[in-house]
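Asker: What follows is run-v1.cif; its format and atoms are mmCIF, C-alpha atoms and all ligand atoms.
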data_upload
#
loop_
_atom_site.label_atom_id
_atom_site.label_comp_id
_atom_site.auth_asym_id
_atom_site.auth_seq_id
_atom_site.Cartn_x
_atom_site.Cartn_y
_atom_site.Cartn_z
CA MET A 167 0.00 0.00 0.00
CA GLN A 168 1.21 3.51 -0.79
CA ARG A 169 1.93 5.47 2.35
CA LYS A 170 0.86 9.09 2.66
CA ILE A 171 3.07 11.21 4.85
CA ILE A 172 2.86 14.92 5.58
CA HIS A 173 5.76 16.86 7.03
CA CYS A 174 4.85 20.19 8.63
CA ASP A 175 7.45 22.80 9.48
CA CYS A 176 6.75 26.29 10.81
CA ASP A 177 8.41 29.14 8.94
CA SER A 178 11.08 31.01 10.94
CA PHE A 179 9.24 29.75 14.00
CA TYR A 180 10.35 31.97 16.90
CA ALA A 181 10.48 35.04 14.66
CA SER A 182 6.99 34.36 13.26
CA VAL A 183 5.53 34.18 16.75
CA GLU A 184 7.19 37.48 17.68
CA MET A 185 5.92 39.14 14.49
CA ARG A 186 2.44 37.86 15.24
CA ASP A 187 2.51 39.43 18.69
CA ARG A 188 4.23 42.66 17.69
CA PRO A 189 2.87 43.76 14.33
CA GLU A 190 5.23 46.75 14.29
CA LEU A 191 8.06 44.22 13.71
CA ARG A 192 6.48 42.64 10.64
CA ASP A 193 8.20 44.77 8.05
CA LYS A 194 11.52 44.88 9.82
CA PRO A 195 14.45 42.49 9.73
CA LEU A 196 14.14 40.57 12.96
CA ALA A 197 16.45 38.23 14.85
CA VAL A 198 15.40 36.23 17.89
CA GLY A 199 18.25 35.23 20.17
CA GLY A 200 20.72 36.43 22.73
CA THR A 201 20.79 40.20 22.61
CA SER A 202 23.94 40.67 24.66
CA GLY A 203 27.29 41.28 23.01
CA ARG A 204 28.02 37.58 22.89
CA GLY A 205 24.49 36.48 21.99
CA VAL A 206 23.68 34.08 19.16
CA VAL A 207 20.84 34.21 16.62
CA ALA A 208 18.33 31.38 17.29
CA THR A 209 16.40 32.29 14.16
CA CYS A 210 15.53 35.32 12.08
CA ASN A 211 12.71 36.30 9.78
CA TYR A 212 13.00 35.98 6.02
CA LEU A 213 13.66 39.69 5.59
CA ALA A 214 16.77 39.38 7.77
CA ARG A 215 17.81 36.30 5.77
CA GLU A 216 18.10 38.50 2.69
CA PHE A 217 21.01 40.19 4.43
CA GLY A 218 22.74 36.87 5.01
CA VAL A 219 21.69 36.53 8.64
CA HIS A 220 21.00 32.96 9.78
CA SER A 221 20.55 30.70 12.80
CA ALA A 222 23.57 30.11 15.04
CA MET A 223 25.30 33.28 13.84
CA PRO A 224 26.69 35.64 16.52
CA MET A 225 24.27 38.51 17.05
CA ALA A 226 27.17 40.95 16.66
CA GLN A 227 27.78 39.63 13.14
CA ALA A 228 24.06 39.86 12.33
CA LEU A 229 24.18 43.51 13.34
CA LYS A 230 27.13 44.10 11.04
CA LEU A 231 25.36 42.48 8.09
CA CYS A 232 22.10 44.24 8.83
CA PRO A 233 22.50 47.31 11.06
CA ASP A 234 18.72 47.88 11.18
CA ILE A 235 17.99 44.41 12.51
CA VAL A 236 15.75 44.28 15.56
CA ALA A 237 16.99 41.76 18.13
CA VAL A 238 14.45 40.15 20.44
CA ARG A 239 15.07 37.74 23.27
CA PRO A 240 13.33 34.37 22.90
CA ASP A 241 10.29 33.51 25.00
CA ILE A 242 10.46 29.72 25.03
CA ALA A 243 7.36 29.31 27.23
CA LYS A 244 5.34 31.17 24.63
CA TYR A 245 6.73 29.05 21.75
CA LYS A 246 5.82 25.89 23.66
CA GLN A 247 2.31 27.16 24.04
CA VAL A 248 2.09 27.85 20.29
CA SER A 249 3.56 24.42 19.61
CA ARG A 250 0.86 22.78 21.74
CA GLN A 251 -1.81 24.64 19.84
CA ILE A 252 -0.38 23.42 16.52
CA GLN A 253 -0.07 19.85 17.82
CA SER A 254 -3.69 19.98 18.77
CA ILE A 255 -4.68 20.99 15.23
CA LEU A 256 -2.50 18.20 13.79
CA SER A 257 -4.16 15.66 16.05
CA ASP A 258 -7.51 16.41 14.40
CA TYR A 259 -6.19 14.63 11.32
CA THR A 260 -4.37 11.58 12.70
CA ASP A 261 -3.03 10.01 15.89
CA ILE A 262 0.11 8.95 14.10
CA ILE A 263 2.20 12.05 14.68
CA GLU A 264 5.94 12.19 15.24
CA PRO A 265 7.09 15.57 16.56
CA LEU A 266 10.69 16.32 15.71
CA SER A 267 10.92 19.55 17.64
CA LEU A 268 8.62 22.32 18.77
CA ASP A 269 7.91 23.44 15.23
CA GLU A 270 8.14 20.32 13.11
CA ALA A 271 6.26 17.02 12.82
CA PHE A 272 5.55 14.06 10.56
CA LEU A 273 1.98 12.81 10.15
CA ASP A 274 1.07 9.43 8.68
CA VAL A 275 -2.34 9.88 7.06
CA SER A 276 -2.33 6.67 5.01
CA ASN A 277 -5.47 5.39 6.69
CA VAL A 278 -7.29 8.65 7.27
CA ASP A 279 -10.52 9.03 5.33
CA ILE A 280 -11.48 12.65 6.04
CA LEU A 281 -11.14 15.06 3.09
CA GLN A 282 -11.58 12.12 0.72
CA GLY A 283 -8.41 10.62 2.14
CA SER A 284 -6.39 13.20 0.20
CA ALA A 285 -3.12 14.03 1.94
CA THR A 286 -2.84 17.12 -0.25
CA LEU A 287 -6.20 18.43 0.92
CA MET A 288 -5.30 17.64 4.52
CA ALA A 289 -2.02 19.55 4.19
CA GLN A 290 -3.85 22.52 2.68
CA HIS A 291 -6.37 22.39 5.47
CA ILE A 292 -3.73 22.19 8.19
CA ARG A 293 -1.83 25.13 6.73
CA ALA A 294 -4.93 27.28 6.49
CA ARG A 295 -6.04 26.39 9.99
CA VAL A 296 -2.67 27.10 11.59
CA GLU A 297 -2.58 30.46 9.87
CA ALA A 298 -6.14 31.35 10.90
CA GLU A 299 -6.16 29.90 14.41
CA VAL A 300 -2.54 30.34 15.52
CA GLY A 301 -1.51 33.30 13.39
CA ILE A 302 1.73 31.98 11.88
CA THR A 303 2.50 30.25 8.58
CA ILE A 304 3.76 26.73 8.10
CA SER A 305 5.17 24.93 5.10
CA ALA A 306 4.21 21.36 4.34
CA GLY A 307 5.44 18.51 2.19
CA VAL A 308 3.46 15.47 1.08
CA ALA A 309 5.09 12.29 -0.19
CA ASN A 310 5.13 8.54 0.30
CA SER A 311 8.12 8.58 2.66
CA LYS A 312 9.48 10.64 5.53
CA PHE A 313 12.59 11.48 3.54
CA LEU A 314 10.72 13.01 0.62
CA ALA A 315 7.99 14.64 2.72
CA LYS A 316 10.70 16.52 4.61
CA VAL A 317 12.53 17.53 1.46
CA ALA A 318 9.18 18.65 0.03
CA SER A 319 8.23 20.86 2.99
CA ASP A 320 11.50 22.73 2.50
CA TRP A 321 11.03 23.04 -1.26
CA GLN A 322 8.88 26.15 -1.34
CA LYS A 323 9.55 27.71 2.02
CA PRO A 324 8.18 29.97 3.44
CA ASN A 325 4.43 29.39 3.39
CA GLY A 326 4.57 26.72 0.71
CA LEU A 327 3.10 23.31 -0.02
CA THR A 328 4.90 20.77 -2.19
CA VAL A 329 3.37 17.45 -3.13
CA ILE A 330 5.44 14.67 -4.64
CA ALA A 331 3.00 12.19 -6.15
CA PRO A 332 4.14 8.57 -6.30
CA SER A 333 4.47 8.83 -10.10
CA GLN A 334 6.81 11.82 -9.67
CA VAL A 335 9.15 10.25 -7.15
CA ALA A 336 11.64 8.84 -9.66
CA SER A 337 12.08 12.06 -11.61
CA PHE A 338 12.05 14.23 -8.48
CA VAL A 339 14.74 12.15 -6.82
CA ALA A 340 16.90 11.94 -9.95
CA GLU A 341 17.45 15.68 -9.93
CA LEU A 342 17.68 16.04 -6.17
CA GLU A 343 21.06 17.19 -4.91
CA VAL A 344 22.74 14.67 -2.64
CA ALA A 345 23.25 17.48 -0.10
CA LYS A 346 19.51 17.28 0.56
CA ILE A 347 19.74 13.64 1.69
CA PHE A 348 19.14 13.26 5.39
CA GLY A 349 22.42 12.34 7.07
CA VAL A 350 24.65 13.74 4.33
CA GLY A 351 26.72 16.33 6.16
CA LYS A 352 29.62 18.39 4.91
CA VAL A 353 32.13 15.54 5.04
CA THR A 354 30.01 13.00 3.13
CA GLN A 355 29.01 15.70 0.68
CA GLN A 356 32.66 16.45 -0.02
CA ARG A 357 33.46 12.76 -0.54
CA LEU A 358 30.52 12.43 -2.91
CA TYR A 359 31.64 15.48 -4.89
CA GLU A 360 35.07 13.88 -5.19
CA MET A 361 33.35 10.84 -6.70
CA GLY A 362 31.74 13.19 -9.22
CA VAL A 363 28.34 12.91 -7.54
CA VAL A 364 26.19 16.00 -7.17
CA ASN A 365 22.67 14.67 -7.64
CA CYS A 366 20.86 11.44 -6.85
CA GLN A 367 20.85 10.23 -10.44
CA GLN A 368 24.64 10.24 -10.40
CA LEU A 369 24.61 8.45 -7.05
CA GLN A 370 22.33 5.78 -8.51
CA GLN A 371 25.16 4.71 -10.83
CA PHE A 372 27.03 3.18 -7.88
CA SER A 373 26.28 -0.35 -6.75
CA ILE A 374 25.33 -1.13 -3.19
CA TYR A 375 28.74 -2.84 -2.81
CA GLN A 376 30.62 0.22 -3.94
CA LEU A 377 28.65 2.42 -1.57
CA THR A 378 28.94 0.18 1.50
CA ASP A 379 32.61 -0.21 0.69
CA ARG A 380 33.06 3.54 0.83
CA PHE A 381 30.51 4.59 3.43
CA GLY A 382 29.99 1.50 5.59
CA LYS A 383 26.46 0.98 6.81
CA PHE A 384 25.39 4.42 5.65
CA GLY A 385 26.21 3.27 2.12
CA GLN A 386 23.10 1.12 2.11
CA ARG A 387 20.98 4.08 3.25
CA LEU A 388 22.49 6.16 0.47
CA TYR A 389 21.71 3.42 -2.05
CA GLU A 390 18.06 3.44 -0.97
CA LEU A 391 17.53 7.15 -0.41
CA CYS A 392 18.92 8.16 -3.80
CA ARG A 393 16.16 5.98 -5.26
CA GLY A 394 13.53 7.56 -3.02
CA ILE A 395 13.26 4.43 -0.88
CA ASP A 396 12.70 5.17 2.80
CA GLU A 397 10.58 2.76 4.79
CA ARG A 398 11.03 4.41 8.18
CA PRO A 399 7.66 4.51 9.95
CA VAL A 400 6.23 7.64 11.51
CA LYS A 401 6.85 6.93 15.18
CA THR A 402 4.18 8.18 17.54
CA LEU A 403 4.88 9.07 21.10
CA ARG A 404 4.18 6.00 23.14
CA LEU A 405 0.67 6.21 24.48
CA ARG A 406 1.03 3.40 26.96
CA LYS A 407 -0.70 4.32 30.18
CA SER A 408 0.50 1.58 32.51
CA ILE A 409 2.82 -1.39 32.89
CA SER A 410 1.91 -4.28 35.15
CA VAL A 411 2.59 -7.90 36.05
CA GLU A 412 0.23 -10.37 37.67
CA HIS A 413 0.18 -13.96 38.82
CA THR A 414 -2.70 -16.36 39.28
CA PHE A 415 -1.90 -19.01 41.84
CA ASP A 416 -2.60 -22.73 41.57
CA LYS A 417 -3.66 -22.63 45.20
CA ASN A 418 -5.35 -19.56 46.65
CA LEU A 419 -3.34 -17.61 49.21
CA ILE A 420 -4.87 -17.27 52.63
CA GLY A 421 -4.06 -14.20 54.73
CA ILE A 422 -1.76 -11.26 54.02
CA ASN A 423 1.61 -12.88 54.81
CA PRO A 424 1.72 -15.31 51.88
CA CYS A 425 0.68 -12.39 49.67
CA LEU A 426 3.51 -10.22 50.99
CA ALA A 427 5.90 -13.09 50.36
CA GLN A 428 5.05 -12.85 46.63
CA LEU A 429 5.92 -9.17 46.47
CA PRO A 430 9.72 -9.29 45.92
CA GLY A 431 9.32 -11.55 42.88
CA LEU A 432 6.57 -9.37 41.42
CA ILE A 433 8.58 -6.19 41.97
CA GLU A 434 11.62 -7.73 40.30
CA GLU A 435 9.56 -8.61 37.25
CA LEU A 436 7.86 -5.22 37.11
CA HIS A 437 11.18 -3.48 37.48
CA GLN A 438 12.52 -5.34 34.46
CA ARG A 439 9.51 -4.50 32.33
CA VAL A 440 9.65 -0.84 33.20
CA ALA A 441 13.35 -0.76 32.41
CA ARG A 442 12.84 -2.56 29.08
CA SER A 443 10.24 -0.04 27.99
CA ASN A 444 12.42 2.89 28.97
CA SER A 445 9.68 4.32 31.13
CA SER A 446 11.17 4.61 34.59
CA HIS A 447 11.26 8.41 34.31
CA LEU A 448 7.51 8.46 33.56
CA ILE A 449 6.28 6.65 36.67
CA ALA A 450 3.48 8.61 38.31
CA LYS A 451 1.74 6.03 40.51
CA GLN A 452 2.08 2.44 41.58
CA PHE A 453 -0.78 0.10 42.27
CA ALA A 454 -1.59 -3.32 43.67
CA LYS A 455 -4.41 -5.52 42.47
CA PHE A 456 -6.06 -8.39 44.35
CA LYS A 457 -8.50 -10.87 42.87
CA PHE A 458 -10.27 -12.94 45.50
CA GLU A 459 -11.70 -16.45 45.33
CA ASP A 460 -15.16 -15.05 44.44
CA PHE A 461 -13.54 -13.21 41.51
CA THR A 462 -14.13 -9.77 43.01
CA THR A 463 -11.22 -7.46 42.28
CA THR A 464 -9.86 -4.51 44.16
CA THR A 465 -6.95 -2.16 43.57
CA ALA A 466 -5.09 0.32 45.74
CA GLU A 467 -2.66 2.90 44.48
CA SER A 468 -0.32 5.60 45.64
CA VAL A 469 1.66 8.41 44.09
CA VAL A 470 5.35 7.64 43.62
CA ALA A 471 8.21 8.69 41.38
CA GLU A 472 9.91 5.29 41.40
CA LEU A 473 9.07 1.75 42.49
CA ASP A 474 8.76 1.84 46.27
CA ILE A 475 8.80 -1.50 48.15
CA GLU A 476 7.44 -0.17 51.42
CA LYS A 477 4.56 1.55 49.69
CA PHE A 478 3.79 -1.67 47.82
CA GLU A 479 3.61 -3.48 51.17
CA ALA A 480 1.20 -0.85 52.44
CA LEU A 481 -0.90 -1.19 49.28
CA PHE A 482 -1.01 -4.96 49.70
CA LYS A 483 -2.20 -4.58 53.29
CA LYS A 484 -4.82 -2.06 52.24
CA ALA A 485 -6.18 -4.09 49.31
CA GLY A 486 -5.91 -7.37 51.19
CA SER A 487 -7.92 -6.03 54.10
CA ARG A 488 -10.91 -5.38 51.90
CA SER A 489 -12.03 -9.01 51.85
CA VAL A 490 -11.75 -12.02 54.10
CA LYS A 491 -11.77 -14.31 51.06
CA SER A 492 -8.65 -16.09 49.88
CA VAL A 493 -6.62 -14.57 47.05
CA ARG A 494 -6.42 -16.19 43.60
CA LEU A 495 -4.48 -13.45 41.76
CA LEU A 496 -2.02 -10.75 42.72
CA GLY A 497 -0.79 -7.97 40.47
CA ILE A 498 1.28 -4.85 40.74
CA GLY A 499 1.93 -2.10 38.26
CA VAL A 500 2.75 1.50 37.56
CA ARG A 501 0.73 4.21 35.87
CA LEU A 502 2.72 6.40 33.55
CA ARG A 503 2.33 10.05 32.91
CA GLU A 504 2.23 11.36 29.34
CA PRO A 505 5.66 11.71 27.85
CA ASN A 506 6.11 15.41 27.33
CA ILE A 507 7.62 16.52 24.05
CA TYR A 508 7.72 20.02 25.38
CA GLN A 509 10.58 18.96 27.59
CA TYR A 510 12.39 18.37 24.35
CA ASP A 511 14.20 21.63 24.03
CA LEU A 512 16.76 21.15 21.38
CA PHE A 513 18.00 24.67 21.47
CA GLU A 514 17.43 25.83 25.00
P1 LIG A 601 14.22 25.60 12.25
O1 LIG A 601 13.02 24.77 11.91
O2 LIG A 601 15.57 25.05 11.91
O3 LIG A 601 14.13 26.99 11.51
P2 LIG A 601 13.01 28.10 11.51
O4 LIG A 601 11.66 27.54 11.86
O5 LIG A 601 13.45 29.23 12.36
O6 LIG A 601 13.04 28.61 10.02
P3 LIG A 601 12.66 27.85 8.65
O7 LIG A 601 12.22 26.46 8.99
O8 LIG A 601 11.57 28.69 8.06
O9 LIG A 601 13.93 27.89 7.84
O10 LIG A 601 14.21 25.92 13.80
C1 LIG A 601 13.02 26.03 14.54
C2 LIG A 601 13.25 26.92 15.72
O11 LIG A 601 14.28 26.41 16.55
C3 LIG A 601 13.71 28.30 15.33
O12 LIG A 601 12.64 29.18 15.07
C4 LIG A 601 14.54 28.73 16.50
C5 LIG A 601 15.09 27.45 17.07
N1 LIG A 601 16.51 27.29 16.68
C6 LIG A 601 17.50 27.70 17.58
O13 LIG A 601 17.19 28.16 18.67
N2 LIG A 601 18.82 27.55 17.22
C7 LIG A 601 19.21 27.04 16.01
O14 LIG A 601 20.42 26.95 15.73
C8 LIG A 601 18.20 26.61 15.09
C9 LIG A 601 18.57 26.03 13.75
C10 LIG A 601 16.86 26.75 15.47
#
Here is the file; what I need is its structure written in the form of structure tokens.
Answerer:
Amino acid sequence: MQRKIIHCDCDSFYASVEMRDRPELRDKPLAVGGTSGRGVVATCNYLAREFGVHSAMPMAQALKLCPDIVAVRPDIAKYKQVSRQIQSILSDYTDIIEPLSLDEAFLDVSNVDILQGSATLMAQHIRARVEAEVGITISAGVANSKFLAKVASDWQKPNGLTVIAPSQVASFVAELEVAKIFGVGKVTQQRLYEMGVVNCQQLQQFSIYQLTDRFGKFGQRLYELCRGIDERPVKTLRLRKSISVEHTFDKNLIGINPCLAQLPGLIEELHQRVARSNSSHLIAKQFAKFKFEDFTTTTAESVVAELDIEKFEALFKKAGSRSVKSVRLLGIGVRLREPNIYQYDLFE
């Protein structure tokens, strides 16, 4: 089945938010970043880019290139708020969303049937809604892979939409410069130029053996990407709410002590599961579950930040005291809080 992937990327994100909130800045070259003598440009608007100003440039240099530039300090809390608002719009289209940073995300809309299932219409819709509801512009790319969707969103920036239909992939990729391939940095680019390779069509002339010989494992990626092949799935944030383990006993347990005796083994198992799923930092609560001989079930829980043996013992005593019946099943688990992409502050 053809996949349909949309890549959304806000235009000059921090600067766009500042221009939205301070209309007097809209027609001026604007840099957001450290405003002190040693400050660095986090981003700048497109007007400032015409003067050669760009991200990561010292603010002092930006001022030399563009003496009229207005420098504004970033307000990260505000950008997070805007990012949340955009995420919420995106989630009206699909649950399969992979945020890459505050201002960028992949959406897999292969199985979405709104707007006639058209990824192009969805991208148009998203762009119009973000502009109307949030007040900034975003660029979007639509393609059948993450690689090409991302290249496409950059193709007509700012405020652009580029769609690469499946039938266009081969010709689009053939002309694509290898510098646009994800993972091709300055060093690889230089080595490719030395091999006489500037675009993907030229790269396609090399066999997989030649490429792995020269570039190791990345050679295989190059072999695929220069043909527009990229099977990487859009990875959603894990939505798992809890992790638990439970045991049903051959013989019912009578009284609290035999139940407490089971606890160390259960905790050990739970600990391993939590560790395997990389979730220990997300623990919000722990709980104990008792199923009695009459099949009634009860749970008790408490707030914790990590597995706590003493609190588990207290939970066992609490749950166990709710019935005089013998126990046929014991379980323990943790409830996880939502992973928070807004803690993901690449540039803070
Ligand atoms: P980018 O998506 O790289 O760039 P942009 O949104 O500013 O501009 P465009 O995509 O239109 O070219 O970065 C997103 C935000 O991340 C940017 O607005 C500010 C911040 N950022 C930094 O703080 N430092 C940096 O070096 C970069 C590249 C970005």
Asker: Residues of chain A within 10 Å of ligand LIG 601 (chain A): nearest atom pair and distance (Å, one decimal) for each, counting all atoms listed in the file, sorted by chain and number, as a tab-separated table?
Answerer:
residue	atom	partner	partner_atom	distance
A:Cys174	CA	A:LIG601	O7	9.7
A:Asp175	CA	A:LIG601	O7	6.0
A:Cys176	CA	A:LIG601	O4	5.2
A:Asp177	CA	A:LIG601	O8	3.3
A:Ser178	CA	A:LIG601	O6	3.2
A:Phe179	CA	A:LIG601	O12	3.6
A:Tyr180	CA	A:LIG601	O12	4.0
A:Ala181	CA	A:LIG601	O12	6.3
A:Ser182	CA	A:LIG601	O12	7.9
A:Val183	CA	A:LIG601	O12	8.9
A:Ala197	CA	A:LIG601	O5	9.8
A:Val198	CA	A:LIG601	C4	7.7
A:Gly199	CA	A:LIG601	O13	7.3
A:Gly200	CA	A:LIG601	O13	9.9
A:Val206	CA	A:LIG601	N2	8.4
A:Val207	CA	A:LIG601	N2	7.0
A:Ala208	CA	A:LIG601	O13	3.7
A:Thr209	CA	A:LIG601	O5	4.6
A:Cys210	CA	A:LIG601	O5	6.4
A:Asn211	CA	A:LIG601	O5	7.6
A:Tyr212	CA	A:LIG601	O8	7.7
A:Arg215	CA	A:LIG601	O9	9.5
A:His220	CA	A:LIG601	C9	8.3
A:Ser221	CA	A:LIG601	O14	4.8
A:Ala222	CA	A:LIG601	O14	4.5
A:Met223	CA	A:LIG601	O14	8.2
A:Pro240	CA	A:LIG601	O13	8.4
A:Ile242	CA	A:LIG601	O13	9.4
A:Tyr245	CA	A:LIG601	O12	8.9
A:Leu266	CA	A:LIG601	O1	9.6
A:Ser267	CA	A:LIG601	C1	7.5
A:Leu268	CA	A:LIG601	C1	7.1
A:Asp269	CA	A:LIG601	C1	5.8
A:Glu270	CA	A:LIG601	O1	6.7
A:Thr303	CA	A:LIG601	O8	9.2
A:Ile304	CA	A:LIG601	O8	8.1
A:Ser305	CA	A:LIG601	O8	8.0
A:Ser319	CA	A:LIG601	O7	9.1
A:Asp320	CA	A:LIG601	O7	7.5
A:Lys323	CA	A:LIG601	O8	6.4
A:Pro324	CA	A:LIG601	O8	5.9
A:Asn325	CA	A:LIG601	O8	8.6
A:Asp511	CA	A:LIG601	O11	8.9
A:Leu512	CA	A:LIG601	O13	7.5
A:Phe513	CA	A:LIG601	O13	4.5
A:Glu514	CA	A:LIG601	O13	6.7
Asker: Which protein, DNA or RNA residues are at most 9 Å from (-0.9, 1.3, 40.3) in the file's coordinates when you count only C-alpha atoms, listed as number ranges by chain?
Answerer: A: 408-410, 450-455, 465-469, 498-501
Asker: Of the candidates A:Lys407, A:Lys352, A:Lys312, A:Lys491, which one gets nearest to Leu448 (chain A) if we count all atoms listed in the file?
Answerer: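 The answer is A:Lys407, which sits nearest to Leu448 (chain A).
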Asker: To one decimal place in Å, what is the distance between CA of Arg250 (chain A) and CA of Val296 (chain A)?
Answerer: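 About the pair CA of Arg250 (chain A) and CA of Val296 (chain A): they are 11.6 Å apart.
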Asker: Pick the closest to Gln438 (chain A) from A:Ala485, A:Ala315, A:Cys425, A:Val411: which is it, counting all atoms listed in the file?
Answerer: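 Using all atoms listed in the file, Gln438 (chain A) sits closest to A:Val411.
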Asker: Which neighbours of Gln355 (chain A) fall inside 12 Å, counting only C-alpha atoms, when residues of the same chain fewer than 2 positions from it are skipped, and could you give them as a PyMOL selection string?
Answerer: chain A and resi 343-353+357-366+369+381+388
Asker: If I take CA of Arg494 (chain A) and CA of Glu479 (chain A), how far is one from the other in Å, to one decimal?
Answerer: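 Calculated distance between CA of Arg494 (chain A) and CA of Glu479 (chain A) is 17.9 Å.
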Asker: One decimal, in Å: what's the spacing between CA of Met185 (chain A) and CA of Ile292 (chain A)?
Answerer: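 Distance between the two atoms: 20.5 Å.
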Asker: So which residues touch His437 (chain A) within 9 Å, counting only C-alpha atoms, skipping near sequence neighbours fewer than 5 positions away, as a list in words?
Answerer: Leu432, Arg442, Ser446 and Leu473 of chain A
Asker: Which polymer residues, protein or nucleic acid, are no farther than 8 Å from (-7.3, -6.5, 48.8), counting only C-alpha atoms, as a list in words?
Answerer: Lys455, Phe456, Lys457, Phe458, Thr463, Thr464, Thr465, Ala466, Phe482, Lys483, Lys484, Ala485, Gly486, Ser487, Arg488 and Ser489 of chain A
Asker: Let me make sure I understand: among A:Ala306, A:Cys392, A:Val248, A:Ile235, which one has the smallest atom-to-atom distance to Phe338 (chain A) if we use all atoms listed in the file?
Answerer: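 Among the listed residues, A:Cys392 lies closest to Phe338 (chain A).
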Asker: For each of A:Ala340, A:Val238, A:Leu377, A:Met225, take the minimum atom-to-atom distance to Thr354 (chain A), counting all atoms listed in the file, then give the residue where this is smallest.
Answerer: A:Leu377
Asker: Using all atoms listed in the file, pick whichever of A:Gly326, A:Gly205, A:Pro430, A:Pro195 has the shortest atom-to-atom distance to Val219 (chain A).
Answerer: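 Nearest candidate to Val219 (chain A) out of A:Gly326, A:Gly205, A:Pro430, A:Pro195: A:Pro195.
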Asker: Would you mind telling me which residue in A:Ser254, A:Gln227, A:Thr286, A:Ser276 lies nearest to Gly203 (chain A) when using only C-alpha atoms?
Answerer: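 Closest to Gly203 (chain A), using only C-alpha atoms: A:Gln227.
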Asker: Grab all the atoms of region 315-328 of chain A that the file lists, wrap them in a box along x, y and z, add 5 Å per side, and give me centre plus edge lengths in Å (one decimal) as JSON.
Answerer:
{"center_x": 7.8, "center_y": 22.3, "center_z": 1.2, "size_x": 19.4, "size_y": 25.3, "size_z": 16.8}
Asker: Do you know which residues are at most 9 Å from Phe313 (chain A) counting only C-alpha atoms, after dropping those on the same chain fewer than 6 positions away, and could you put them as a list in words?
Answerer: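 Surrounding residues, per the criterion: Ile347, Phe348, Leu391, Gly394, Ile395, Asp396 and Arg398 of chain A.
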